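**Student:** First, the structure itself, so that you have it in front of you.
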Amino acid sequence: LINYGQEKAILDRKSFKLMFDFKSGRYQLLELDPSSEEPTYRKAAGRFGNVHALPKGITFTGSKDAILFYPDGRCDEVKIDIRTRDGGYSITTKGFGSLVEIKDLKE
């Protein structure tokens, strides 16, 4: 969903935002509403805009509660830790044009 949000921002030439609700374990992709004078985001079109929930037993935390994706290919730098019963992963976005980095939390 991170890669999709970044690609959509570039292709559609508008900002997208991936929102995280760490407490409830939910996340959702939003798109900039061009009809609003102030930056307002609405549910992204299609299934990717649906609210998604982490499977039972998995939790996540992060440095920010959202990642903004910009039409020029930039995105916010964010670190999200996903924890499972047996360990977990750290997902990091690094800004402009970089791939998403995924590491085992044990590293």
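Chain identifiers are assigned as A, B, and so on, following the order in which chains appear in the structure tokens; residues are numbered from 1 within each chain, and ligands are numbered from 1 in order of appearance.
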Using only C-alpha atoms, I'd like a table of the residues in region 62-84 of chain A that come within 8 Å of region 14-27 of chain A; for each, show the closest atom pair and its distance in Å rounded to one decimal, ordered by chain and ascending number, as a tab-separated table.
**Tutor:**
residue	atom	partner	partner_atom	distance
A:Gly62	CA	A:Phe22	CA	7.7
A:Asp65	CA	A:Phe20	CA	5.0
A:Ala66	CA	A:Met19	CA	4.4
A:Ile67	CA	A:Leu18	CA	5.2
A:Leu68	CA	A:Lys17	CA	4.5
A:Phe69	CA	A:Phe16	CA	5.1
A:Tyr70	CA	A:Ser15	CA	4.7
A:Pro71	CA	A:Lys14	CA	5.2
**Student:** May I ask which of the residues A:Gly5, A:Thr84, A:Arg47, A:Ile58 is the closest one to Leu32 (chain A), counting only C-alpha atoms?
**Tutor:**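 Under the stated criterion, the closest residue is A:Gly5.
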**Student:** Measure the distance from CA of Ile82 (chain A) to CA of Leu105 (chain A) in Å and round it to one decimal.
**Tutor:**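 Atom-to-atom, CA of Ile82 (chain A) and CA of Leu105 (chain A) are spaced 8.5 Å apart.
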**Student:** Between CA of Gly95 (chain A) and CA of Asp81 (chain A), what distance in Å does the model show, to one decimal?
**Tutor:**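 It comes out at 17.5 Å.
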**Student:** I'd like to know which of A:Lys106, A:Arg74, A:Lys8, A:Lys79 is closest to Gly49 (chain A), using only C-alpha atoms.
**Tutor:**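 Smallest separation from Gly49 (chain A) among the options: A:Lys8.
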**Student:** With distances taken over only C-alpha atoms, which of A:Gly87, A:Thr61, A:Glu31, A:Asp104 is nearest to Arg13 (chain A)?
**Tutor:**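 For Arg13 (chain A), the nearest of the given residues is A:Glu31.
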**Student:** Would you mind telling me which residue in A:Ser35, A:Gly73, A:Val78, A:Arg85 lies nearest to Lys56 (chain A) when using only C-alpha atoms?
**Tutor:**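 Going through A:Ser35, A:Gly73, A:Val78, A:Arg85 one by one, the smallest distance to Lys56 (chain A) is for A:Arg85.
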**Student:** What are the DSSP helix (DSSP H, G or I) residues of chain A, as a list in words?
**Tutor:**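 Matching residues, listed in order: Ile2, Asn3, Tyr4, Gly5, Gln6, Glu7, Lys8, Ala9, Ile10, Leu11, Asp12, Arg47, Phe48 and Gly49 of chain A.
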**Student:** Could you tell me how far CA of Gly57 (chain A) lies from CA of Leu30 (chain A), in Å and to one decimal?
**Tutor:** 25.6 Å
**Student:** Rank A:Ile10, A:Leu29, A:Val100, A:Ile91 by their smallest atom-to-atom distance to Gly46 (chain A), using only C-alpha atoms, and report the top residue only.
**Tutor:**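 Of the candidates, the smallest distance to Gly46 (chain A) is held by A:Leu29.
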**Student:** As an MDAnalysis selection string, please: every residue in region 13-54 of chain A that a backbone DSSP assignment puts in strand (DSSP E).
**Tutor:** chainID A and resid 16:21 26:32 41:43 52:53
**Student:** Given only C-alpha atoms as the basis, pick out the residue of A:Val51, A:Lys64, A:Asp12, A:Thr93 nearest to Pro34 (chain A).
**Tutor:**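 Nearest candidate to Pro34 (chain A) out of A:Val51, A:Lys64, A:Asp12, A:Thr93: A:Asp12.
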**Student:** Tell me, as a VMD selection string, which residues lie within 8 Å of Phe48 (chain A), counting only C-alpha atoms; anything in the same chain fewer than 4 positions away does not count.
**Tutor:** chain A and resid 1 28 to 29 44
**Student:** How would the residues just chosen look if you wrote them out with all heavy atoms as an mmCIF file, in the first residue's frame?
**Tutor:**
data_model
loop_
_atom_site.group_PDB
_atom_site.id
_atom_site.type_symbol
_atom_site.label_atom_id
_atom_site.label_comp_id
_atom_site.auth_asym_id
_atom_site.auth_seq_id
_atom_site.Cartn_x
_atom_site.Cartn_y
_atom_site.Cartn_z
ATOM 1 N N LEU A 1 0.833 -1.194 0.000
ATOM 2 C CA LEU A 1 0.000 0.000 0.000
ATOM 3 C C LEU A 1 0.877 1.258 0.000
ATOM 4 O O LEU A 1 0.505 2.263 -0.595
ATOM 5 C CB LEU A 1 -0.945 -0.025 1.207
ATOM 6 C CG LEU A 1 -2.158 0.875 1.149
ATOM 7 C CD1 LEU A 1 -2.955 0.724 -0.136
ATOM 8 C CD2 LEU A 1 -3.060 0.617 2.330
ATOM 9 N N GLN A 28 -5.520 3.323 6.366
ATOM 10 C CA GLN A 28 -6.338 3.667 5.201
ATOM 11 C C GLN A 28 -5.590 4.633 4.299
ATOM 12 O O GLN A 28 -4.898 5.536 4.780
ATOM 13 C CB GLN A 28 -7.646 4.313 5.656
ATOM 14 C CG GLN A 28 -8.579 4.681 4.523
ATOM 15 C CD GLN A 28 -9.882 5.290 5.004
ATOM 16 O OE1 GLN A 28 -9.969 5.830 6.102
ATOM 17 N NE2 GLN A 28 -10.912 5.199 4.182
ATOM 18 N N LEU A 29 -5.767 4.460 2.993
ATOM 19 C CA LEU A 29 -5.188 5.363 2.013
ATOM 20 C C LEU A 29 -6.214 6.437 1.658
ATOM 21 O O LEU A 29 -7.368 6.132 1.336
ATOM 22 C CB LEU A 29 -4.769 4.603 0.748
ATOM 23 C CG LEU A 29 -4.040 5.427 -0.296
ATOM 24 C CD1 LEU A 29 -2.691 5.925 0.239
ATOM 25 C CD2 LEU A 29 -3.830 4.622 -1.571
ATOM 26 N N ALA A 44 -9.503 7.210 -0.682
ATOM 27 C CA ALA A 44 -9.025 6.972 -2.045
ATOM 28 C C ALA A 44 -10.003 6.065 -2.780
ATOM 29 O O ALA A 44 -10.662 5.215 -2.177
ATOM 30 C CB ALA A 44 -7.633 6.349 -2.018
#
